[in-house]
Amino acid sequence: MLDIKLIREQPEFVRERLATRGAGDEAKIDEILSLDEQRRKLLNEVEALKATRNRVSKEIGALMAQKKPDEAEARKAETRSLGDQIAALDKTIAETETARDGLMLRLPNLPHATVPVGKTAADNVEVSHWGEKPRFAFEPKSHVDLCESLGLVDFARGTKLSGSGFLLYTGWGARLERGLIQFLLDLHSREHAYTEVSPPYVVKQECMIGTGQFPKAADQAYAVQEGEDASTLGKLYLVPTAETPVANIHREELLKPEQLPIRYCAYSPCFRAEAGAAGVGTRGMIRVHQFDKVELIKVVTPETGYDELEGMMANAEKVLQLLGLHYRVLLLCTGDMGFTSAKTYDIEVWAPGQNDYLEVSSCSNCEDFQSRRMNLRCKPESGTNFFPHLLNGSGTALARLFVALIETYQQEDGSVKIPPALQPYVHSDRIGA
RNA sequence: GGAGAGAUGGCCGAGUGGCUUAAGGCGCAGGUUUGCUAAACCUGUGUAGGGGUAACUCUACCGAGGGUUCGAAUCCCUCUCUCUCCGCCA
């Protein structure tokens, strides 16, 4: 959520920054300002009435203490109607505030000044790359064929169990998936100094609001219902990413500066309804309703936010370097960035069987956008409280990493080599043949 | 699921309708005293939102939401969460 004071004091700046996203959000600013002004006007009125009521009530108390009940009764009669006026105004103010905040919650974050202005993914800027596309003496197969021939994923039975977009990993495939999760958690917790946490996989609605999935993208979430009790629907949601539970860990807390920076890493499955994406590249493992991911989260001071983002990128890139996978790094343009982010880098890994790059990581600084939504604050040694910066990054998403890995390391005989860094986790240097 | 006890500032903790402008303590900041440290003493110290160039001032907040009242931390109703015990359960 943006700071209402910023919108109030620099509406032109906010409009200009929102416009760079190309989604038309800047059109809502006038309505927000109008509601905000109305709210403040009413607030002035009701507070004056309340001040009067407080003063008179105190006088009545004094009269009672002086044993002057007649005078007290007279004052009571005078102020009897005040309560109704106050109640009516309070109600209008609450409605105005709800309307204002409803609009505010749907406004995306302002892009950082260093983010390139653009409309689509085509306008993203490649800032670096690592390694090279592997060369094959044969025609590389798709991961779908490799999974079937090696028995790594049973696509048909996954669909039988849960519908399309759900995967049943089997045999070496299941072991490889588990090994990758453990490899990633070990790397980030032991080498990169993130505190490992294991969060719940369902969260309350307010957590979804806190990290920005709700209210705007509510149709992308899976809602949970307890048994047949429909009244429980809408309270808990399957996590779309570990970012949601982990970034909310300190929601509504007042942190001490010496607690920062906080760095967490966490594994979770990620559940995404992918509404509106049916039939788009759904074959195989590239776009599914449930996938595994190891997520990185940081809570830091605003001064260090962007240095921490670069550090997080280095941590995520290290994954692909250790696995020997070619990748490129993109700085997302204003039009392609997520709702909550002020600046985002994507890491795309090369998948030879797809002849394309696949997004396996997205690292963002959301600045104070999320901490405002969850009322996460920090109390400095002196001065007023501030909202810390919240960063999140995939370290990394698994299904696509799995794809890139087996497509990159496939051999002519149909087997798949396991890179050395992963061998202790898979307990083998090769799958198949 | 059943029974009982609770929820008060950064923390602990008093407070059963109006001298509460939330006592007192801890912590924190400044000051006095002092060879240094410590201690003692004094002063200050919540959050959010309005108004004001400013000093300052007003309003709200005692788990959440309603209600009674001129006035609610305090009385009434509903809900949430925590703790203890019992039952069920991986």
# chains A, B, ... in the order shown; residues from 1 in each chain; ligands from 1
>>> residues_around(residues="Gly179 (chain A)", least_positions_apart="5", cutoff="10 Å", atoms="only C-alpha atoms (C1' of nucleotides)", output="PyMOL selection string")
chain A and resi 173-174+184+422-427
>>> residues_around(residues="A72 (chain B)", least_positions_apart="3", cutoff="12 Å", atoms="only C-alpha atoms (C1' of nucleotides)", output="PyMOL selection string")
chain B and resi 16-18+62+67-69+75-76
>>> write_last_selection(atoms="N, CA, C and O atoms (P, O5', C5', C4', C3', O3' and C1' of nucleotides)", output="PDB file, in the first residue's frame")
ATOM      1  P     U B  16     -11.562  -1.724  40.327  1.00  0.00           P
ATOM      2  O5'   U B  16     -12.779  -0.697  40.180  1.00  0.00           O
ATOM      3  C5'   U B  16     -13.339  -0.368  38.921  1.00  0.00           C
ATOM      4  C4'   U B  16     -14.842  -0.623  38.968  1.00  0.00           C
ATOM      5  C3'   U B  16     -15.458  -0.557  40.379  1.00  0.00           C
ATOM      6  O3'   U B  16     -16.799  -0.114  40.342  1.00  0.00           O
ATOM      7  C1'   U B  16     -15.791  -2.687  39.487  1.00  0.00           C
ATOM      8  P     G B  17     -17.620   1.059  40.204  1.00  0.00           P
ATOM      9  O5'   G B  17     -18.048   1.515  38.738  1.00  0.00           O
ATOM     10  C5'   G B  17     -17.180   1.677  37.653  1.00  0.00           C
ATOM     11  C4'   G B  17     -17.410   2.990  36.950  1.00  0.00           C
ATOM     12  C3'   G B  17     -17.840   4.154  37.838  1.00  0.00           C
ATOM     13  O3'   G B  17     -17.110   5.303  37.445  1.00  0.00           O
ATOM     14  C1'   G B  17     -19.203   4.061  35.938  1.00  0.00           C
ATOM     15  P     G B  18     -15.991   5.898  38.447  1.00  0.00           P
ATOM     16  O5'   G B  18     -15.766   7.353  37.858  1.00  0.00           O
ATOM     17  C5'   G B  18     -15.184   7.531  36.567  1.00  0.00           C
ATOM     18  C4'   G B  18     -15.093   9.006  36.240  1.00  0.00           C
ATOM     19  C3'   G B  18     -14.623   9.862  37.409  1.00  0.00           C
ATOM     20  O3'   G B  18     -13.843  10.932  36.887  1.00  0.00           O
ATOM     21  C1'   G B  18     -16.787  10.555  36.767  1.00  0.00           C
ATOM     22  P     C B  62      -9.490   0.461  23.907  1.00  0.00           P
ATOM     23  O5'   C B  62      -8.168   0.151  24.709  1.00  0.00           O
ATOM     24  C5'   C B  62      -7.192  -0.777  24.225  1.00  0.00           C
ATOM     25  C4'   C B  62      -6.696  -1.644  25.352  1.00  0.00           C
ATOM     26  C3'   C B  62      -7.766  -2.543  25.965  1.00  0.00           C
ATOM     27  O3'   C B  62      -7.180  -3.774  26.348  1.00  0.00           O
ATOM     28  C1'   C B  62      -6.922  -1.073  27.614  1.00  0.00           C
ATOM     29  P     G B  67     -23.744   0.296  18.402  1.00  0.00           P
ATOM     30  O5'   G B  67     -24.468  -0.114  19.766  1.00  0.00           O
ATOM     31  C5'   G B  67     -25.642  -0.908  19.724  1.00  0.00           C
ATOM     32  C4'   G B  67     -25.988  -1.419  21.092  1.00  0.00           C
ATOM     33  C3'   G B  67     -26.197  -0.361  22.168  1.00  0.00           C
ATOM     34  O3'   G B  67     -27.455   0.279  22.057  1.00  0.00           O
ATOM     35  C1'   G B  67     -24.922  -2.140  23.050  1.00  0.00           C
ATOM     36  P     U B  68     -27.654   1.779  22.535  1.00  0.00           P
ATOM     37  O5'   U B  68     -27.585   1.653  24.121  1.00  0.00           O
ATOM     38  C5'   U B  68     -28.583   0.937  24.831  1.00  0.00           C
ATOM     39  C4'   U B  68     -28.288   0.953  26.307  1.00  0.00           C
ATOM     40  C3'   U B  68     -28.020   2.341  26.898  1.00  0.00           C
ATOM     41  O3'   U B  68     -29.234   3.031  27.178  1.00  0.00           O
ATOM     42  C1'   U B  68     -26.388   0.818  27.676  1.00  0.00           C
ATOM     43  P     U B  69     -29.414   4.556  26.692  1.00  0.00           P
ATOM     44  O5'   U B  69     -28.379   5.336  27.607  1.00  0.00           O
ATOM     45  C5'   U B  69     -28.553   5.369  29.014  1.00  0.00           C
ATOM     46  C4'   U B  69     -27.367   6.012  29.665  1.00  0.00           C
ATOM     47  C3'   U B  69     -26.962   7.360  29.088  1.00  0.00           C
ATOM     48  O3'   U B  69     -27.769   8.415  29.571  1.00  0.00           O
ATOM     49  C1'   U B  69     -25.044   6.017  29.415  1.00  0.00           C
ATOM     50  P     C B  75     -16.860  -4.816  34.585  1.00  0.00           P
ATOM     51  O5'   C B  75     -18.385  -4.445  34.273  1.00  0.00           O
ATOM     52  C5'   C B  75     -19.325  -4.271  35.323  1.00  0.00           C
ATOM     53  C4'   C B  75     -20.697  -4.097  34.753  1.00  0.00           C
ATOM     54  C3'   C B  75     -21.035  -4.996  33.565  1.00  0.00           C
ATOM     55  O3'   C B  75     -21.455  -6.277  33.990  1.00  0.00           O
ATOM     56  C1'   C B  75     -21.656  -2.774  33.058  1.00  0.00           C
ATOM     57  P     C B  76     -21.221  -7.563  33.047  1.00  0.00           P
ATOM     58  O5'   C B  76     -22.316  -7.381  31.910  1.00  0.00           O
ATOM     59  C5'   C B  76     -23.699  -7.460  32.201  1.00  0.00           C
ATOM     60  C4'   C B  76     -24.494  -7.324  30.933  1.00  0.00           C
ATOM     61  C3'   C B  76     -24.050  -8.222  29.789  1.00  0.00           C
ATOM     62  O3'   C B  76     -24.587  -9.527  29.900  1.00  0.00           O
ATOM     63  C1'   C B  76     -24.307  -6.019  28.975  1.00  0.00           C
TER      64        C B  76
END
>>> interface_residues(of="chain A", to="chain B", cutoff="6 Å", atoms="only C-alpha atoms (C1' of nucleotides)", output="number ranges by chain")
A: 47, 57, 61, 76
>>> residues_around(residues="Gln182 (chain A)", least_positions_apart="3", cutoff="12 Å", atoms="only C-alpha atoms (C1' of nucleotides)", output="number ranges by chain")
A: 175-179, 185-190, 196, 265-268, 292-294, 395-396, 398, 421-426
>>> residues_around(residues="Glu310 (chain A)", least_positions_apart="2", cutoff="12 Å", atoms="only C-alpha atoms (C1' of nucleotides)", output="list of chain:residue names")
A:Lys298, A:Thr304, A:Gly305, A:Tyr306, A:Asp307, A:Glu308, A:Met312, A:Met313, A:Ala314, A:Asn315, A:Ala316, A:Glu317, A:Val329, A:Leu331, A:Lys343, A:Thr344, A:Tyr345, A:Cys363, A:Ser364, A:Asn365, A:Leu391, A:Asn392, A:Gly393
>>> select_by_dssp(residues="region 121-323 of chain A", states="strand (DSSP E)", output="PyMOL selection string")
chain A and resi 125-130+195-197+202-204+223-224+236-238+254-255+262-271+290-300
>>> atom_distance(atom1="CA of Pro269 (chain A)", atom2="CA of Val239 (chain A)")
7.7 Å
>>> residues_around(residues="A5 (chain B)", least_positions_apart="3", cutoff="12 Å", atoms="only C-alpha atoms (C1' of nucleotides)", output="list in words")
U82, C83, U84 and C85 of chain B
>>> residues_around(residues="Met337 (chain A)", least_positions_apart="3", cutoff="12 Å", atoms="only C-alpha atoms (C1' of nucleotides)", output="VMD selection string")
chain A and resid 18 20 to 23 108 to 112 115 to 121 123 to 124 330 to 334 340 to 346 362 to 366
>>> write_last_selection(atoms="C-alpha atoms", output="tab-separated table (two decimals), in the first residue's frame")
chain	number	residue	atom	x	y	z
A	18	LEU	CA	1.87	4.55	-11.77
A	20	THR	CA	4.72	3.83	-16.29
A	21	ARG	CA	3.14	0.47	-15.48
A	22	GLY	CA	0.64	1.01	-18.25
A	23	ALA	CA	-2.32	-0.43	-16.34
A	108	PRO	CA	0.29	-1.33	-7.21
A	109	ASN	CA	3.67	-0.20	-5.90
A	110	LEU	CA	5.57	2.64	-7.55
A	111	PRO	CA	8.44	1.44	-9.76
A	112	HIS	CA	11.90	2.48	-8.56
A	115	VAL	CA	13.52	0.45	-13.48
A	116	PRO	CA	13.33	0.70	-17.29
A	117	VAL	CA	10.00	1.96	-18.58
A	118	GLY	CA	8.30	-0.53	-20.86
A	119	LYS	CA	5.08	-2.29	-21.68
A	120	THR	CA	5.70	-6.03	-21.96
A	121	ALA	CA	8.26	-8.73	-21.32
A	123	ASP	CA	10.99	-4.47	-22.90
A	124	ASN	CA	12.84	-6.20	-20.08
A	330	LEU	CA	16.65	-9.69	-16.66
A	331	LEU	CA	15.76	-6.39	-15.07
A	332	LEU	CA	12.01	-6.25	-15.46
A	333	CYS	CA	10.48	-3.20	-17.06
A	334	THR	CA	7.70	-1.19	-15.40
A	340	THR	CA	3.96	-5.32	-4.96
A	341	SER	CA	7.40	-4.77	-6.39
A	342	ALA	CA	9.40	-1.57	-6.81
A	343	LYS	CA	12.22	-3.36	-8.62
A	344	THR	CA	12.50	-6.95	-9.82
A	345	TYR	CA	15.19	-9.12	-11.38
A	346	ASP	CA	14.23	-12.39	-13.02
A	362	SER	CA	12.23	-13.54	-9.34
A	363	CYS	CA	13.89	-11.30	-6.75
A	364	SER	CA	12.11	-8.12	-5.70
A	365	ASN	CA	12.41	-5.23	-3.34
A	366	CYS	CA	8.88	-4.29	-2.32
>>> decode(residues="region 48-84 of chain B", atoms="N, CA and C atoms (P, O5', C5', C4', C3', O3' and C1' of nucleotides)", output="compact mmCIF listing (two decimals), in the first residue's frame")
# COMPACT_ATOMS: atom_id res chain seq x y z
P A B 48 2.94 5.86 14.77
O5' A B 48 1.42 6.10 14.36
C5' A B 48 0.72 5.07 13.67
C4' A B 48 -0.74 5.41 13.59
C3' A B 48 -1.08 6.77 13.00
O3' A B 48 -0.99 6.79 11.58
C1' A B 48 -2.38 6.42 14.93
P G B 49 -0.65 8.13 10.84
O5' G B 49 -2.01 8.93 10.96
C5' G B 49 -3.21 8.39 10.42
C4' G B 49 -4.39 9.19 10.89
C3' G B 49 -4.32 10.67 10.59
O3' G B 49 -4.66 10.93 9.25
C1' G B 49 -5.05 10.34 12.82
P G B 50 -4.27 12.32 8.60
O5' G B 50 -5.41 13.23 9.19
C5' G B 50 -5.10 14.54 9.55
C4' G B 50 -6.30 15.17 10.19
C3' G B 50 -6.14 16.67 10.38
O3' G B 50 -6.57 17.35 9.21
C1' G B 50 -6.69 15.70 12.45
P G B 51 -5.52 18.30 8.45
O5' G B 51 -5.51 19.57 9.41
C5' G B 51 -6.72 20.22 9.73
C4' G B 51 -6.53 21.16 10.87
C3' G B 51 -5.32 22.08 10.78
O3' G B 51 -5.52 23.15 9.89
C1' G B 51 -5.49 21.21 12.96
P G B 52 -4.31 23.70 9.01
O5' G B 52 -3.36 24.35 10.09
C5' G B 52 -3.67 25.63 10.65
C4' G B 52 -2.70 25.98 11.74
C3' G B 52 -1.24 26.11 11.32
O3' G B 52 -0.97 27.34 10.69
C1' G B 52 -1.40 24.89 13.34
P U B 53 -0.12 27.38 9.34
O5' U B 53 1.28 26.80 9.77
C5' U B 53 2.19 26.29 8.78
C4' U B 53 3.61 26.60 9.16
C3' U B 53 4.04 26.08 10.53
O3' U B 53 4.48 24.73 10.45
C1' U B 53 4.71 28.35 10.29
P A B 54 4.03 23.71 11.60
O5' A B 54 4.69 24.30 12.92
C5' A B 54 6.10 24.15 13.15
C4' A B 54 6.53 25.06 14.27
C3' A B 54 6.03 24.68 15.65
O3' A B 54 6.91 23.75 16.26
C1' A B 54 5.66 26.99 15.27
P A B 55 6.34 22.63 17.28
O5' A B 55 6.17 23.41 18.66
C5' A B 55 7.32 23.71 19.47
C4' A B 55 6.96 24.72 20.52
C3' A B 55 5.85 24.27 21.47
O3' A B 55 6.34 23.51 22.54
C1' A B 55 5.38 26.44 20.65
P C B 56 5.75 22.08 22.91
O5' C B 56 4.18 22.29 22.75
C5' C B 56 3.44 23.09 23.66
C4' C B 56 2.23 23.66 22.98
C3' C B 56 0.97 22.78 23.03
O3' C B 56 0.30 22.90 24.27
C1' C B 56 1.26 23.63 20.84
P U B 57 -0.53 21.67 24.86
O5' U B 57 -1.78 21.60 23.88
C5' U B 57 -2.71 22.68 23.82
C4' U B 57 -3.66 22.46 22.66
C3' U B 57 -4.43 21.15 22.69
O3' U B 57 -5.56 21.22 23.55
C1' U B 57 -3.55 21.51 20.52
P C B 58 -6.09 19.89 24.28
O5' C B 58 -6.98 19.23 23.14
C5' C B 58 -8.14 19.88 22.66
C4' C B 58 -8.64 19.22 21.41
C3' C B 58 -8.92 17.72 21.52
O3' C B 58 -10.18 17.48 22.14
C1' C B 58 -7.73 18.13 19.54
P U B 59 -10.40 16.14 22.98
O5' U B 59 -10.47 15.06 21.81
C5' U B 59 -11.54 15.07 20.88
C4' U B 59 -11.35 13.99 19.86
C3' U B 59 -11.09 12.60 20.41
O3' U B 59 -12.28 11.97 20.85
C1' U B 59 -9.58 13.03 18.65
P A B 60 -12.23 10.91 22.04
O5' A B 60 -11.63 9.64 21.29
C5' A B 60 -12.35 9.04 20.23
C4' A B 60 -11.47 8.04 19.51
C3' A B 60 -10.88 6.95 20.40
O3' A B 60 -11.81 5.91 20.62
C1' A B 60 -9.20 7.83 19.00
P C B 61 -11.82 5.14 22.03
O5' C B 61 -10.52 4.23 21.94
C5' C B 61 -10.45 3.20 20.96
C4' C B 61 -9.04 2.67 20.86
C3' C B 61 -8.45 2.13 22.16
O3' C B 61 -8.90 0.82 22.43
C1' C B 61 -6.85 3.46 21.02
P C B 62 -9.49 0.46 23.91
O5' C B 62 -8.17 0.15 24.71
C5' C B 62 -7.19 -0.78 24.23
C4' C B 62 -6.70 -1.64 25.35
C3' C B 62 -7.77 -2.54 25.96
O3' C B 62 -7.18 -3.77 26.35
C1' C B 62 -6.92 -1.07 27.61
P G B 63 -8.11 -5.11 26.38
O5' G B 63 -7.95 -5.68 24.91
C5' G B 63 -6.67 -5.77 24.31
C4' G B 63 -6.77 -6.55 23.03
C3' G B 63 -7.95 -6.18 22.14
O3' G B 63 -7.68 -5.05 21.33
C1' G B 63 -7.87 -8.51 22.40
P A B 64 -8.86 -4.08 20.89
O5' A B 64 -9.67 -4.98 19.85
C5' A B 64 -9.18 -5.22 18.54
C4' A B 64 -10.25 -5.87 17.70
C3' A B 64 -11.58 -5.12 17.67
O3' A B 64 -11.58 -4.07 16.72
C1' A B 64 -11.99 -7.39 18.14
P G B 65 -12.50 -2.77 17.00
O5' G B 65 -13.97 -3.32 16.75
C5' G B 65 -14.33 -3.86 15.49
C4' G B 65 -15.70 -4.48 15.56
C3' G B 65 -16.79 -3.58 16.15
O3' G B 65 -17.25 -2.62 15.22
C1' G B 65 -16.97 -5.74 17.09
P G B 66 -18.15 -1.40 15.74
O5' G B 66 -19.56 -2.11 15.97
C5' G B 66 -20.50 -1.50 16.78
C4' G B 66 -21.58 -2.49 17.14
C3' G B 66 -22.50 -1.99 18.24
O3' G B 66 -23.52 -1.16 17.72
C1' G B 66 -21.71 -4.10 18.85
P G B 67 -23.74 0.30 18.40
O5' G B 67 -24.47 -0.11 19.77
C5' G B 67 -25.64 -0.91 19.72
C4' G B 67 -25.99 -1.42 21.09
C3' G B 67 -26.20 -0.36 22.17
O3' G B 67 -27.45 0.28 22.06
C1' G B 67 -24.92 -2.14 23.05
P U B 68 -27.65 1.78 22.54
O5' U B 68 -27.58 1.65 24.12
C5' U B 68 -28.58 0.94 24.83
C4' U B 68 -28.29 0.95 26.31
C3' U B 68 -28.02 2.34 26.90
O3' U B 68 -29.23 3.03 27.18
C1' U B 68 -26.39 0.82 27.68
P U B 69 -29.41 4.56 26.69
O5' U B 69 -28.38 5.34 27.61
C5' U B 69 -28.55 5.37 29.01
C4' U B 69 -27.37 6.01 29.66
C3' U B 69 -26.96 7.36 29.09
O3' U B 69 -27.77 8.42 29.57
C1' U B 69 -25.04 6.02 29.42
P C B 70 -28.22 9.58 28.59
O5' C B 70 -26.86 10.36 28.35
C5' C B 70 -26.81 11.44 27.42
C4' C B 70 -25.52 12.21 27.62
C3' C B 70 -24.28 11.35 27.76
O3' C B 70 -23.75 10.95 26.52
C1' C B 70 -24.31 12.95 29.49
P G B 71 -23.26 9.46 26.33
O5' G B 71 -21.99 9.41 27.28
C5' G B 71 -20.82 10.14 26.94
C4' G B 71 -19.81 10.07 28.04
C3' G B 71 -19.35 8.67 28.42
O3' G B 71 -18.37 8.18 27.53
C1' G B 71 -19.82 9.90 30.37
P A B 72 -18.30 6.61 27.22
O5' A B 72 -17.85 5.96 28.61
C5' A B 72 -16.59 6.24 29.20
C4' A B 72 -15.92 4.95 29.61
C3' A B 72 -15.54 4.05 28.44
O3' A B 72 -14.39 3.29 28.80
C1' A B 72 -17.10 2.94 29.78
P A B 73 -12.94 3.86 28.51
O5' A B 73 -11.98 2.61 28.79
C5' A B 73 -12.01 1.49 27.94
C4' A B 73 -11.55 0.25 28.66
C3' A B 73 -12.58 -0.33 29.64
O3' A B 73 -13.46 -1.22 28.99
C1' A B 73 -10.48 -0.13 30.70
P U B 74 -15.01 -1.31 29.36
O5' U B 74 -15.03 -1.55 30.94
C5' U B 74 -14.55 -2.77 31.51
C4' U B 74 -14.61 -2.67 33.01
C3' U B 74 -16.03 -2.58 33.56
O3' U B 74 -16.14 -3.36 34.74
C1' U B 74 -14.74 -0.70 34.25
P C B 75 -16.86 -4.82 34.59
O5' C B 75 -18.38 -4.45 34.27
C5' C B 75 -19.33 -4.27 35.32
C4' C B 75 -20.70 -4.10 34.75
C3' C B 75 -21.03 -5.00 33.56
O3' C B 75 -21.45 -6.28 33.99
C1' C B 75 -21.66 -2.77 33.06
P C B 76 -21.22 -7.56 33.05
O5' C B 76 -22.32 -7.38 31.91
C5' C B 76 -23.70 -7.46 32.20
C4' C B 76 -24.49 -7.32 30.93
C3' C B 76 -24.05 -8.22 29.79
O3' C B 76 -24.59 -9.53 29.90
C1' C B 76 -24.31 -6.02 28.98
P C B 77 -23.76 -10.76 29.28
O5' C B 77 -23.99 -10.59 27.71
C5' C B 77 -25.29 -10.74 27.15
C4' C B 77 -25.24 -10.48 25.66
C3' C B 77 -24.23 -11.31 24.88
O3' C B 77 -24.71 -12.60 24.59
C1' C B 77 -24.07 -9.04 24.22
P U B 78 -23.66 -13.81 24.40
O5' U B 78 -22.99 -13.51 22.99
C5' U B 78 -23.75 -13.60 21.79
C4' U B 78 -22.94 -13.13 20.60
C3' U B 78 -21.59 -13.82 20.42
O3' U B 78 -21.71 -15.09 19.79
C1' U B 78 -21.31 -11.48 20.21
P C B 79 -20.62 -16.21 20.12
O5' C B 79 -19.32 -15.67 19.37
C5' C B 79 -19.30 -15.54 17.95
C4' C B 79 -18.09 -14.74 17.51
C3' C B 79 -16.73 -15.36 17.83
O3' C B 79 -16.37 -16.36 16.90
C1' C B 79 -16.71 -13.06 18.39
P U B 80 -15.32 -17.50 17.32
O5' U B 80 -13.93 -16.72 17.37
C5' U B 80 -13.36 -16.19 16.18
C4' U B 80 -12.08 -15.44 16.50
C3' U B 80 -11.04 -16.24 17.26
O3' U B 80 -10.28 -17.08 16.41
C1' U B 80 -11.27 -14.10 18.24
P C B 81 -9.71 -18.46 16.97
O5' C B 81 -8.52 -18.01 17.92
C5' C B 81 -7.38 -17.36 17.37
C4' C B 81 -6.58 -16.71 18.48
C3' C B 81 -6.08 -17.65 19.57
O3' C B 81 -4.90 -18.33 19.19
C1' C B 81 -7.04 -15.73 20.57
P U B 82 -4.53 -19.73 19.90
O5' U B 82 -4.06 -19.30 21.36
C5' U B 82 -2.86 -18.56 21.53
C4' U B 82 -2.66 -18.25 22.99
C3' U B 82 -2.70 -19.44 23.94
O3' U B 82 -1.46 -20.12 23.98
C1' U B 82 -4.04 -17.71 24.81
P C B 83 -1.44 -21.69 24.30
O5' C B 83 -1.71 -21.73 25.87
C5' C B 83 -0.78 -21.18 26.79
C4' C B 83 -1.36 -21.20 28.18
C3' C B 83 -1.84 -22.56 28.67
O3' C B 83 -0.80 -23.37 29.15
C1' C B 83 -3.48 -20.92 29.15
P U B 84 -0.91 -24.96 29.05
O5' U B 84 -1.95 -25.31 30.21
C5' U B 84 -1.60 -25.09 31.58
C4' U B 84 -2.76 -25.48 32.47
C3' U B 84 -3.36 -26.85 32.20
O3' U B 84 -2.61 -27.90 32.80
C1' U B 84 -5.10 -25.27 32.41
